[in-house]
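Enquirer: My structure is stored as structure-v3.txt, with compact mmCIF, C-alpha atoms.
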```
# COMPACT_ATOMS: atom_id res chain seq x y z
CA MET H 1 26.21 -3.41 -13.43
CA THR H 2 25.35 -0.75 -10.81
CA VAL H 3 21.76 -0.54 -9.55
CA PRO H 4 20.94 1.31 -6.29
CA GLY H 5 20.18 -1.17 -3.50
CA ILE H 6 21.50 -4.23 -5.36
CA ASP H 7 24.85 -6.02 -5.04
CA HIS H 8 24.75 -7.81 -8.37
CA PRO H 9 27.55 -10.39 -7.89
CA ARG H 10 26.23 -11.47 -4.50
CA LEU H 11 22.65 -11.64 -5.79
CA VAL H 12 23.78 -13.82 -8.71
CA ALA H 13 25.57 -16.18 -6.31
CA TRP H 14 22.59 -16.35 -3.93
CA MET H 15 20.12 -17.06 -6.74
CA GLY H 16 22.41 -19.78 -8.07
CA ARG H 17 22.15 -21.54 -4.71
CA ASN H 18 18.50 -20.84 -3.91
CA VAL H 19 16.65 -20.37 -7.21
CA PRO H 20 18.67 -22.44 -9.67
CA ASP H 21 15.69 -23.10 -11.95
CA ALA H 22 15.48 -19.39 -12.83
CA GLY H 23 18.89 -19.46 -14.45
CA GLU H 24 21.52 -16.75 -14.29
CA PRO H 25 20.23 -13.19 -13.72
CA LEU H 26 21.08 -11.29 -16.91
CA SER H 27 19.90 -7.84 -15.79
CA VAL H 28 18.33 -6.08 -12.80
CA SER H 29 16.41 -2.81 -13.15
CA LEU H 30 14.43 -0.65 -10.75
CA ILE H 31 10.69 -0.67 -11.43
CA SER H 32 9.52 2.92 -11.15
CA GLY H 33 6.49 3.99 -9.17
CA GLY H 34 7.33 2.66 -5.71
CA ARG H 35 7.54 5.32 -2.98
CA SER H 36 8.39 2.99 -0.11
CA ASN H 37 9.86 -0.48 -0.51
CA LEU H 38 11.95 -0.84 -3.65
CA THR H 39 10.89 -3.16 -6.46
CA TYR H 40 13.20 -4.52 -9.15
CA LEU H 41 12.70 -6.57 -12.31
CA ILE H 42 15.17 -9.43 -12.73
CA GLU H 43 15.57 -10.76 -16.25
CA ALA H 44 16.96 -14.25 -15.62
CA ARG H 45 17.91 -16.74 -18.29
CA GLU H 46 14.82 -18.93 -17.77
CA ARG H 47 12.19 -16.56 -16.38
CA ARG H 48 11.37 -13.08 -15.13
CA LEU H 49 11.31 -12.45 -11.39
CA VAL H 50 10.59 -9.45 -9.18
CA LEU H 51 12.66 -8.55 -6.11
CA ARG H 52 11.37 -6.50 -3.17
CA ARG H 53 13.62 -4.90 -0.56
CA PRO H 54 13.32 -2.05 2.01
CA PRO H 55 14.12 1.54 1.00
CA LEU H 56 17.59 3.02 1.27
CA GLY H 57 18.19 4.83 4.55
CA HIS H 58 15.79 6.18 7.21
CA VAL H 59 14.00 2.86 7.78
CA LEU H 60 11.59 3.25 10.69
CA PRO H 61 11.25 0.51 13.32
CA THR H 62 8.57 -2.11 12.42
CA ALA H 63 8.27 -0.65 8.91
CA HIS H 64 9.33 -2.32 5.65
CA ASP H 65 9.24 -5.87 7.04
CA MET H 66 10.02 -8.15 4.10
CA ARG H 67 9.22 -11.30 6.02
CA ARG H 68 5.64 -10.11 6.62
CA GLU H 69 5.11 -9.41 2.93
CA TRP H 70 6.56 -12.80 2.05
CA ARG H 71 4.43 -14.57 4.62
CA VAL H 72 1.15 -13.01 3.54
CA ILE H 73 1.54 -13.59 -0.22
CA SER H 74 2.58 -17.18 0.54
CA ALA H 75 -0.56 -17.65 2.66
CA LEU H 76 -2.86 -16.05 0.08
CA ALA H 77 -1.47 -17.88 -2.96
CA PRO H 78 -4.12 -20.68 -2.80
CA THR H 79 -7.04 -18.31 -2.02
CA PRO H 80 -9.31 -16.29 -4.35
CA VAL H 81 -7.21 -13.18 -3.62
CA PRO H 82 -4.89 -12.67 -6.62
CA VAL H 83 -1.22 -12.36 -5.57
CA PRO H 84 2.12 -12.96 -7.32
CA GLU H 85 3.73 -16.37 -7.02
CA PRO H 86 6.03 -16.49 -3.95
CA VAL H 87 9.45 -17.79 -5.06
CA ALA H 88 12.13 -17.32 -2.38
CA PHE H 89 12.92 -15.30 0.75
CA CYS H 90 16.35 -14.12 1.95
CA ALA H 91 16.90 -12.92 5.52
CA ASP H 92 20.69 -12.57 5.07
CA GLU H 93 21.45 -8.84 4.90
CA ASP H 94 24.96 -9.58 3.60
CA VAL H 95 23.58 -10.44 0.16
CA ILE H 96 22.24 -7.02 -0.94
CA GLY H 97 22.36 -5.07 2.33
CA ALA H 98 18.81 -5.85 3.52
CA PRO H 99 16.32 -8.75 3.65
CA PHE H 100 14.45 -9.32 0.38
CA TYR H 101 12.19 -11.75 -1.39
CA LEU H 102 11.56 -12.89 -4.94
CA MET H 103 8.16 -13.34 -6.53
CA GLY H 104 6.99 -14.32 -9.96
CA TYR H 105 6.64 -11.59 -12.56
CA VAL H 106 3.01 -10.66 -13.23
CA ALA H 107 2.13 -9.13 -16.59
CA GLY H 108 0.24 -6.00 -15.71
CA ALA H 109 0.64 -2.33 -14.84
CA ALA H 110 0.33 -0.39 -11.58
CA VAL H 111 -1.98 2.25 -13.02
CA ARG H 112 -1.84 5.66 -11.34
CA THR H 113 -2.87 8.14 -14.02
CA ARG H 114 -5.44 8.60 -16.76
CA ALA H 115 -2.58 8.75 -19.26
CA GLU H 116 -1.38 5.28 -18.19
CA LEU H 117 -4.91 3.91 -18.44
CA GLY H 118 -5.46 5.14 -21.99
CA GLU H 119 -9.01 5.71 -23.20
CA PRO H 120 -10.99 2.51 -22.64
CA ALA H 121 -14.78 2.46 -22.84
CA ALA H 122 -16.52 3.85 -19.77
CA GLU H 123 -18.23 0.55 -19.03
CA ARG H 124 -14.84 -1.15 -18.76
CA THR H 125 -13.44 1.42 -16.33
CA ARG H 126 -16.59 1.14 -14.24
CA ARG H 127 -16.14 -2.63 -14.14
CA LEU H 128 -12.51 -2.11 -13.07
CA SER H 129 -13.59 0.06 -10.15
CA GLU H 130 -16.24 -2.51 -9.20
CA ARG H 131 -13.63 -5.25 -9.36
CA LEU H 132 -11.32 -3.23 -7.11
CA ALA H 133 -14.07 -3.18 -4.45
CA GLU H 134 -14.71 -6.91 -4.95
CA VAL H 135 -11.04 -7.82 -4.45
CA LEU H 136 -10.96 -5.72 -1.27
CA ALA H 137 -14.01 -7.63 -0.03
CA ALA H 138 -12.26 -10.91 -0.94
CA ILE H 139 -9.24 -9.94 1.18
CA HIS H 140 -11.52 -9.26 4.12
CA ALA H 141 -13.38 -12.55 3.57
CA VAL H 142 -10.23 -14.70 3.91
CA ASP H 143 -10.33 -17.05 6.90
CA TYR H 144 -6.97 -15.88 8.21
CA ARG H 145 -6.73 -18.69 10.75
CA GLU H 146 -7.35 -21.30 8.05
CA VAL H 147 -4.50 -19.97 5.87
CA GLY H 148 -2.02 -19.86 8.75
CA LEU H 149 -2.22 -16.16 9.64
CA GLY H 150 -3.90 -16.53 13.02
CA ASP H 151 -0.89 -14.92 14.74
CA PHE H 152 -0.31 -12.29 12.04
CA GLY H 153 -1.56 -9.49 14.29
CA ARG H 154 -3.72 -8.63 17.29
CA PRO H 155 -7.16 -7.60 16.03
CA GLU H 156 -8.34 -6.38 19.42
CA GLY H 157 -7.59 -2.71 19.90
CA TYR H 158 -6.31 -2.40 16.34
CA LEU H 159 -7.33 1.21 15.73
CA ALA H 160 -5.98 2.48 19.06
CA ARG H 161 -2.64 0.78 18.37
CA GLN H 162 -2.59 2.17 14.84
CA LEU H 163 -3.14 5.66 16.22
CA ASP H 164 -0.23 5.18 18.62
CA ARG H 165 2.00 3.51 16.04
CA TRP H 166 1.56 6.17 13.37
CA GLY H 167 1.93 8.86 16.03
CA GLN H 168 5.32 7.39 16.92
CA GLN H 169 6.29 7.26 13.25
CA TRP H 170 5.35 10.93 12.93
CA GLU H 171 7.63 11.89 15.81
CA ARG H 172 10.54 10.02 14.22
CA SER H 173 10.00 11.48 10.75
CA LYS H 174 8.50 14.94 11.19
CA THR H 175 10.20 17.80 9.40
CA ALA H 176 8.04 20.51 11.04
CA ASP H 177 5.68 20.96 14.00
CA LEU H 178 2.06 21.18 12.86
CA PRO H 179 -0.44 22.01 15.64
CA ASP H 180 -3.35 20.77 13.50
CA TYR H 181 -1.74 17.34 13.42
CA TYR H 182 -1.79 17.01 17.21
CA ARG H 183 -5.36 18.30 17.36
CA LEU H 184 -6.32 15.66 14.79
CA VAL H 185 -4.79 12.87 16.86
CA GLU H 186 -6.88 13.88 19.86
CA ARG H 187 -10.08 14.09 17.80
CA LEU H 188 -9.48 10.64 16.35
CA ARG H 189 -8.81 9.20 19.79
CA GLU H 190 -12.12 10.59 21.04
CA ARG H 191 -13.99 8.95 18.13
CA LEU H 192 -12.41 5.48 18.25
CA PRO H 193 -15.19 2.89 17.86
CA ALA H 194 -15.81 0.70 20.88
CA GLU H 195 -15.92 -2.46 18.75
CA SER H 196 -14.92 -3.43 15.23
CA ALA H 197 -14.70 -6.49 13.02
CA SER H 198 -11.45 -8.43 12.67
CA THR H 199 -10.12 -9.51 9.27
CA LEU H 200 -6.94 -9.58 7.26
CA VAL H 201 -6.28 -6.01 6.12
CA HIS H 202 -3.96 -4.92 3.31
CA GLY H 203 -3.07 -1.61 4.95
CA ASP H 204 -2.45 0.38 1.73
CA TYR H 205 -5.13 -0.73 -0.72
CA ARG H 206 -5.54 1.30 -3.91
CA LEU H 207 -5.57 0.70 -7.65
CA ASP H 208 -1.84 1.27 -8.14
CA ASN H 209 -1.11 -1.41 -5.54
CA THR H 210 -2.66 -3.87 -7.95
CA LEU H 211 -1.39 -5.02 -11.33
CA VAL H 212 -3.90 -4.55 -14.15
CA THR H 213 -3.71 -5.83 -17.72
CA LEU H 214 -4.48 -2.83 -19.87
CA GLY H 215 -6.14 -4.81 -22.64
CA ASP H 216 -9.04 -6.21 -20.63
CA LEU H 217 -8.63 -4.09 -17.44
CA GLU H 218 -8.50 -7.18 -15.24
CA ILE H 219 -6.79 -7.13 -11.84
CA GLN H 220 -4.09 -9.80 -12.01
CA ALA H 221 -2.51 -9.37 -8.57
CA VAL H 222 -2.56 -7.32 -5.38
CA VAL H 223 0.94 -6.22 -4.38
CA ASP H 224 2.73 -4.11 -1.74
CA TRP H 225 1.58 -5.98 1.38
CA GLU H 226 4.14 -4.36 3.69
CA MET H 227 1.49 -2.89 6.02
CA SER H 228 -0.84 -5.88 6.10
CA THR H 229 -2.01 -7.21 9.45
CA LEU H 230 -5.18 -8.30 11.25
CA GLY H 231 -7.55 -5.49 12.07
CA ASP H 232 -10.63 -3.47 11.17
CA PRO H 233 -11.61 -3.92 7.50
CA LEU H 234 -13.22 -0.48 7.41
CA ALA H 235 -9.79 1.03 8.00
CA ASP H 236 -8.78 -0.47 4.63
CA LEU H 237 -11.88 0.99 3.01
CA GLY H 238 -11.28 4.40 4.59
CA LEU H 239 -7.72 4.55 3.26
CA THR H 240 -8.83 3.50 -0.23
CA LEU H 241 -11.35 6.34 -0.19
CA THR H 242 -8.60 8.70 1.01
CA TYR H 243 -6.65 7.88 -2.13
CA TRP H 244 -9.74 8.13 -4.35
CA HIS H 245 -9.86 11.23 -6.56
CA ASP H 246 -13.41 12.27 -7.41
CA ARG H 247 -14.00 14.39 -10.47
CA GLY H 248 -14.11 18.08 -9.53
CA ASP H 249 -12.07 17.71 -6.32
CA GLU H 250 -9.34 20.25 -7.12
CA GLU H 251 -7.76 20.02 -3.67
CA ARG H 252 -7.29 16.28 -4.10
CA ALA H 253 -5.75 16.96 -7.51
CA GLY H 254 -2.94 18.82 -5.75
CA ILE H 255 -1.93 15.81 -3.62
CA PRO H 256 0.78 13.92 -5.58
CA VAL H 257 -0.20 10.48 -4.26
CA ALA H 258 -2.07 7.72 -6.13
CA GLY H 259 -2.57 9.78 -9.29
CA ASP H 260 -5.74 10.80 -11.08
CA VAL H 261 -6.82 7.49 -12.62
CA THR H 262 -10.17 7.45 -10.79
CA VAL H 263 -11.35 10.61 -12.55
CA ALA H 264 -11.37 8.72 -15.89
CA PRO H 265 -14.84 8.41 -17.47
CA GLY H 266 -16.73 5.44 -16.09
CA PHE H 267 -15.00 5.15 -12.73
CA MET H 268 -17.31 5.10 -9.76
CA ASN H 269 -16.98 8.02 -7.38
CA ALA H 270 -15.92 7.40 -3.78
CA ALA H 271 -19.50 7.06 -2.50
CA GLU H 272 -20.38 4.55 -5.22
CA PHE H 273 -17.21 2.57 -4.49
CA ALA H 274 -18.13 2.38 -0.79
CA GLY H 275 -21.65 1.32 -1.74
CA HIS H 276 -20.41 -1.48 -4.00
CA TYR H 277 -18.04 -2.71 -1.31
CA THR H 278 -20.95 -2.79 1.13
CA LYS H 279 -23.05 -4.77 -1.35
CA VAL H 280 -20.46 -7.44 -2.20
CA SER H 281 -19.02 -7.79 1.30
CA GLY H 282 -22.33 -7.79 3.15
CA ARG H 283 -20.58 -5.64 5.74
CA GLU H 284 -22.45 -2.84 7.50
CA ILE H 285 -20.65 0.49 7.33
CA SER H 286 -21.06 2.94 10.19
CA ASP H 287 -19.21 6.19 10.83
CA LEU H 288 -17.46 6.08 7.46
CA GLY H 289 -16.33 9.69 7.97
CA PHE H 290 -14.17 8.58 10.90
CA TYR H 291 -12.48 5.90 8.81
CA VAL H 292 -11.77 8.29 5.95
CA ALA H 293 -10.38 10.81 8.44
CA PHE H 294 -8.20 8.05 9.88
CA GLY H 295 -7.05 7.23 6.35
CA ASN H 296 -6.02 10.85 5.78
CA PHE H 297 -4.15 10.84 9.10
CA LYS H 298 -2.28 7.66 8.22
CA LEU H 299 -1.43 8.87 4.73
CA ALA H 300 -0.17 12.18 6.13
CA VAL H 301 2.29 10.29 8.35
CA ILE H 302 3.40 8.05 5.48
CA VAL H 303 3.94 11.04 3.20
CA GLU H 304 5.88 12.88 5.91
CA GLY H 305 8.20 9.87 6.16
CA ILE H 306 8.76 9.88 2.40
CA HIS H 307 9.38 13.63 2.53
CA ALA H 308 11.97 13.10 5.27
CA ARG H 309 13.81 10.52 3.15
CA PHE H 310 13.71 12.90 0.17
CA ARG H 311 15.29 15.68 2.23
CA GLN H 312 18.04 13.28 3.26
CA GLY H 313 18.67 12.29 -0.38
CA LYS H 314 17.56 8.73 0.33
CA THR H 315 14.75 8.35 -2.20
CA VAL H 316 15.14 6.48 -5.49
CA GLY H 317 13.14 7.61 -8.53
CA GLU H 318 11.25 10.76 -9.45
CA GLY H 319 8.31 12.79 -8.20
CA PHE H 320 9.35 13.43 -4.58
CA ASP H 321 10.05 17.16 -4.70
CA ARG H 322 6.41 18.25 -4.16
CA ILE H 323 5.27 15.52 -1.81
CA GLY H 324 5.87 17.40 1.45
CA SER H 325 3.19 19.98 0.63
CA ALA H 326 0.54 17.23 0.74
CA VAL H 327 0.94 16.69 4.50
CA PRO H 328 -0.97 19.76 5.82
CA THR H 329 -3.61 19.26 3.11
CA LEU H 330 -4.26 15.69 4.22
CA ILE H 331 -4.52 16.80 7.85
CA SER H 332 -7.03 19.49 6.88
CA ARG H 333 -9.12 17.00 4.90
CA ALA H 334 -9.20 14.68 7.93
CA HIS H 335 -10.53 17.48 10.14
CA ARG H 336 -13.27 18.22 7.63
CA MET H 337 -14.36 14.58 7.57
CA LEU H 338 -14.66 14.63 11.36
CA ASP H 339 -16.64 17.87 11.17
CA GLN H 340 -19.37 16.19 9.11
CA PRO H 341 -22.45 15.10 11.08
```
Could I get this file's structure written as structure tokens?
Expert:
Amino acid sequence: MTVPGIDHPRLVAWMGRNVPDAGEPLSVSLISGGRSNLTYLIEARERRLVLRRPPLGHVLPTAHDMRREWRVISALAPTPVPVPEPVAFCADEDVIGAPFYLMGYVAGAAVRTRAELGEPAAERTRRLSERLAEVLAAIHAVDYREVGLGDFGRPEGYLARQLDRWGQQWERSKTADLPDYYRLVERLRERLPAESASTLVHGDYRLDNTLVTLGDLEIQAVVDWEMSTLGDPLADLGLTLTYWHDRGDEERAGIPVAGDVTVAPGFMNAAEFAGHYTKVSGREISDLGFYVAFGNFKLAVIVEGIHARFRQGKTVGEGFDRIGSAVPTLISRAHRMLDQP
């Protein structure tokens, strides 16, 4: 059995020692849809499991930290935030070539497109978008010290560090020099808020980083916690709104990230989503345009990194050939958000 990123015999031996109750792994297959860390379905004799590991090649420093993902889902398991069951962590890179962890299989789909969603009633899709805002508010309401995440990050100066961190990632990954990118960095630095709240943040929150049962459109789990830390909750909201595709936004339709699911009938638009988050979180939102601009900046850097891996032949799966064209568009959208009064 040959699966990219998996050494099957060594994985079988490791699971036999560390997860004996699962039984022998009968098959391992790549779950499509991931553009960063790789996700695999393991059909074991006694149960289904999911394996997460870093991408192949071009792994940036501090990125794709499996231990952080493992730690946060373990901490959140007893909270109201829905996460998969944490099963086992492996730090030994000799097993499959990188650290990885196993979690319980969750029945549900990472929905990116209208086609994947089907044609549910509009009131159900509206409720799904409301629930997405409510789960985001629940993440931000977690007492991170109480669940053992008090040292999970440094909330003070979060946005300034994020600006520096993603700037460094850009320099390591960039495939072209874009003057508008550097102008954007300076504009964001000038607008950094003097103070901000401190919560657990997901770091890449959107509908297709949750698992949804298509029958009742219920969110069963939040996944892909690789960029989680402690920081400004409005940065999470801003990135979610960056991903959001409002009906009639043709420019957004040309960005091949996060799909078009939010244009389905019944979904709230971006402004309504922000309003519902404000209502359920009780959190005051100020300078939302800055946070959405910051989200576009961050996503531009992430996409440039994916584009760099694609050019090196280090991506696994489909849909990467057009992704590089999204980078200048995201930068332009960020500038326009900062231009708004």
Enquirer: Between H:Pro120, H:Tyr105, H:Gln220, H:Gln340, which residue has the minimum interatomic distance to Pro82 (chain H), considering all atoms listed in the file?
Expert: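 Under the stated criterion, the closest residue is H:Gln220.
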Enquirer: Ranking H:Arg112, H:Ser228, H:Arg189, H:Arg183 by minimum distance to Tyr243 (chain H) and counting only C-alpha atoms, which one comes first?
Expert: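 Closest candidate: H:Arg112.
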Enquirer: Just want the 9 Å neighbourhood of region 162-165 of chain H, counted on all atoms listed in the file, with same-chain residues fewer than 6 positions away dropped. Output as an MDAnalysis selection string.
Expert: chainID H and resid 185 188:189 294 297:298
Enquirer: When you look at Leu132 (chain H) with a cut-off of 9 Å (counting only C-alpha atoms), what residues show up, excluding the ones that are within fewer than 2 positions of it in the same chain? I need them as a ChimeraX atom specification.
Expert: /H:127-130,134-137,206-207,210,219,273,277
Enquirer: Which polymer residues have any atom within 10 Å of an atom of Ala115 (chain H), counting all atoms listed in the file, with same-chain residues fewer than 4 positions away left out, as a list in words?
Expert: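 The residues that qualify are Val111, Glu119, Asp260, Val261 and Ala264 of chain H.
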Enquirer: Extract, using all atoms listed in the file, all DNA, RNA and protein residues at most 9 Å from Pro341 (chain H), discarding same-chain residues fewer than 3 positions from it, and format them as a list of chain:residue names.
Expert: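 Skipping anything fewer than 3 positions along the chain leaves H:Gly289, H:Met337, H:Leu338.
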Enquirer: Name all residues at most 10 Å from Leu178 (chain H) (count all atoms listed in the file; drop same-chain ones fewer than 3 positions away) and give them as JSON, numbers by chain.
Expert: {"H": [174, 175, 181, 182, 183, 327, 328, 331]}
Enquirer: I need the residues from that last selection saved to file as an mmCIF file, in the frame of the given file (with C-alpha atoms), if you can.
Expert:
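Saved to part14.cif:
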```
data_model
loop_
_atom_site.group_PDB
_atom_site.id
_atom_site.type_symbol
_atom_site.label_atom_id
_atom_site.label_comp_id
_atom_site.auth_asym_id
_atom_site.auth_seq_id
_atom_site.Cartn_x
_atom_site.Cartn_y
_atom_site.Cartn_z
ATOM 1 C CA LYS H 174 8.500 14.940 11.190
ATOM 2 C CA THR H 175 10.200 17.800 9.400
ATOM 3 C CA TYR H 181 -1.740 17.340 13.420
ATOM 4 C CA TYR H 182 -1.790 17.010 17.210
ATOM 5 C CA ARG H 183 -5.360 18.300 17.360
ATOM 6 C CA VAL H 327 0.940 16.690 4.500
ATOM 7 C CA PRO H 328 -0.970 19.760 5.820
ATOM 8 C CA ILE H 331 -4.520 16.800 7.850
#
```
Enquirer: Ranking H:Val223, H:Arg309, H:Leu299, H:Gly324 by minimum distance to Gly167 (chain H) and counting all atoms listed in the file, which one comes first?
Expert: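 Checking each candidate against Gly167 (chain H), we get H:Leu299 as the closest.
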Enquirer: So what do you get for CA of Thr113 (chain H) versus CA of Arg311 (chain H), distance-wise?
Expert: 25.5 Å
Enquirer: Return as AutoDock Vina command-line options the centre and edge lengths, in Å with one decimal, of the box along x, y and z that encloses every atom of region 162-177 of chain H in the file, padded by 6 Å per side.
Expert:
```
--center_x 3.7 --center_y 11.6 --center_z 14.0 --size_x 25.7 --size_y 30.8 --size_z 21.2
```
Enquirer: Taking all atoms listed in the file into account, which of H:Tyr158, H:Phe310, H:Phe152, H:Phe100 comes nearest Ile6 (chain H)?
Expert: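 Nearest candidate to Ile6 (chain H) out of H:Tyr158, H:Phe310, H:Phe152, H:Phe100: H:Phe100.
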Enquirer: Using all atoms listed in the file, which residue out of H:Thr240, H:Thr329, H:Thr213, H:Asn296 lies closest to Gly108 (chain H)?
Expert: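 Nearest to Gly108 (chain H): H:Thr213.
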Enquirer: Which residue, H:Gly305, H:Pro256, H:Gly153, H:Gly203, has the smallest gap to Ile139 (chain H) when you use only C-alpha atoms?
Expert: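 Closest candidate: H:Gly203.
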Enquirer: Quick one, how far is CA of Glu123 (chain H) from CA of Asp216 (chain H)?
Expert: 11.5 Å
Enquirer: Provide the CA of Lys279 (chain H) to CA of Pro233 (chain H) distance in Å, to one decimal place.
Expert: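 Separating CA of Lys279 (chain H) from CA of Pro233 (chain H) is a distance of 14.5 Å.
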Enquirer: Which polymer residues, protein or nucleic acid, are no farther than 10 Å from (-20.9, 12.5, -7.7), counting only C-alpha atoms, as a PyMOL selection string?
Expert: chain H and resi 246-248+268-272
Enquirer: Kindly complete region 152-159 of chain H to all heavy atoms; the output should be written as a PDB file, in the frame of the given file.
Expert:
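Result file follows (part-v6.pdb):
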```
ATOM      1  N   PHE H 152      -0.888 -13.333  12.891  1.00  0.00           N
ATOM      2  CA  PHE H 152      -0.310 -12.290  12.040  1.00  0.00           C
ATOM      3  C   PHE H 152      -0.488 -10.894  12.640  1.00  0.00           C
ATOM      4  O   PHE H 152       0.129  -9.935  12.192  1.00  0.00           O
ATOM      5  CB  PHE H 152      -0.968 -12.358  10.654  1.00  0.00           C
ATOM      6  CG  PHE H 152      -0.216 -11.642   9.572  1.00  0.00           C
ATOM      7  CD1 PHE H 152       1.090 -11.975   9.256  1.00  0.00           C
ATOM      8  CD2 PHE H 152      -0.830 -10.630   8.844  1.00  0.00           C
ATOM      9  CE1 PHE H 152       1.775 -11.313   8.244  1.00  0.00           C
ATOM     10  CE2 PHE H 152      -0.153  -9.963   7.834  1.00  0.00           C
ATOM     11  CZ  PHE H 152       1.150 -10.305   7.532  1.00  0.00           C
ATOM     12  N   GLY H 153      -1.329 -10.769  13.627  1.00  0.00           N
ATOM     13  CA  GLY H 153      -1.560  -9.490  14.290  1.00  0.00           C
ATOM     14  C   GLY H 153      -2.492  -9.685  15.459  1.00  0.00           C
ATOM     15  O   GLY H 153      -2.961 -10.796  15.723  1.00  0.00           O
ATOM     16  N   ARG H 154      -2.779  -8.600  16.163  1.00  0.00           N
ATOM     17  CA  ARG H 154      -3.720  -8.630  17.290  1.00  0.00           C
ATOM     18  C   ARG H 154      -4.925  -7.769  16.923  1.00  0.00           C
ATOM     19  O   ARG H 154      -4.862  -6.535  17.031  1.00  0.00           O
ATOM     20  CB  ARG H 154      -3.050  -8.099  18.558  1.00  0.00           C
ATOM     21  CG  ARG H 154      -1.952  -9.007  19.115  1.00  0.00           C
ATOM     22  CD  ARG H 154      -1.351  -8.392  20.369  1.00  0.00           C
ATOM     23  NE  ARG H 154      -0.629  -7.153  20.072  1.00  0.00           N
ATOM     24  CZ  ARG H 154      -0.598  -6.099  20.880  1.00  0.00           C
ATOM     25  NH1 ARG H 154      -1.306  -6.099  22.011  1.00  0.00           N
ATOM     26  NH2 ARG H 154       0.099  -5.032  20.563  1.00  0.00           N
ATOM     27  N   PRO H 155      -6.010  -8.390  16.489  1.00  0.00           N
ATOM     28  CA  PRO H 155      -7.160  -7.600  16.030  1.00  0.00           C
ATOM     29  C   PRO H 155      -7.762  -6.702  17.107  1.00  0.00           C
ATOM     30  O   PRO H 155      -8.222  -5.605  16.813  1.00  0.00           O
ATOM     31  CB  PRO H 155      -8.158  -8.667  15.568  1.00  0.00           C
ATOM     32  CG  PRO H 155      -7.363  -9.905  15.358  1.00  0.00           C
ATOM     33  CD  PRO H 155      -6.233  -9.835  16.333  1.00  0.00           C
ATOM     34  N   GLU H 156      -7.738  -7.164  18.353  1.00  0.00           N
ATOM     35  CA  GLU H 156      -8.340  -6.380  19.420  1.00  0.00           C
ATOM     36  C   GLU H 156      -7.541  -5.089  19.636  1.00  0.00           C
ATOM     37  O   GLU H 156      -6.323  -5.111  19.762  1.00  0.00           O
ATOM     38  CB  GLU H 156      -8.380  -7.187  20.729  1.00  0.00           C
ATOM     39  CG  GLU H 156      -9.137  -8.504  20.626  1.00  0.00           C
ATOM     40  CD  GLU H 156      -8.338  -9.618  19.986  1.00  0.00           C
ATOM     41  OE1 GLU H 156      -7.110  -9.432  19.783  1.00  0.00           O
ATOM     42  OE2 GLU H 156      -8.922 -10.666  19.673  1.00  0.00           O
ATOM     43  N   GLY H 157      -8.253  -3.985  19.681  1.00  0.00           N
ATOM     44  CA  GLY H 157      -7.590  -2.710  19.900  1.00  0.00           C
ATOM     45  C   GLY H 157      -6.771  -2.216  18.730  1.00  0.00           C
ATOM     46  O   GLY H 157      -5.880  -1.369  18.897  1.00  0.00           O
ATOM     47  N   TYR H 158      -7.095  -2.710  17.532  1.00  0.00           N
ATOM     48  CA  TYR H 158      -6.310  -2.400  16.340  1.00  0.00           C
ATOM     49  C   TYR H 158      -6.212  -0.901  16.091  1.00  0.00           C
ATOM     50  O   TYR H 158      -5.116  -0.356  15.898  1.00  0.00           O
ATOM     51  CB  TYR H 158      -6.935  -3.112  15.136  1.00  0.00           C
ATOM     52  CG  TYR H 158      -6.433  -2.639  13.793  1.00  0.00           C
ATOM     53  CD1 TYR H 158      -5.177  -3.012  13.331  1.00  0.00           C
ATOM     54  CD2 TYR H 158      -7.224  -1.828  12.986  1.00  0.00           C
ATOM     55  CE1 TYR H 158      -4.720  -2.579  12.097  1.00  0.00           C
ATOM     56  CE2 TYR H 158      -6.775  -1.396  11.745  1.00  0.00           C
ATOM     57  CZ  TYR H 158      -5.517  -1.781  11.306  1.00  0.00           C
ATOM     58  OH  TYR H 158      -5.068  -1.348  10.083  1.00  0.00           O
ATOM     59  N   LEU H 159      -7.353  -0.204  16.090  1.00  0.00           N
ATOM     60  CA  LEU H 159      -7.330   1.210  15.730  1.00  0.00           C
ATOM     61  C   LEU H 159      -6.570   2.056  16.758  1.00  0.00           C
ATOM     62  O   LEU H 159      -5.837   2.979  16.393  1.00  0.00           O
ATOM     63  CB  LEU H 159      -8.753   1.734  15.566  1.00  0.00           C
ATOM     64  CG  LEU H 159      -9.465   1.266  14.295  1.00  0.00           C
ATOM     65  CD1 LEU H 159     -10.949   1.620  14.351  1.00  0.00           C
ATOM     66  CD2 LEU H 159      -8.831   1.882  13.048  1.00  0.00           C
TER      67      LEU H 159
END
```
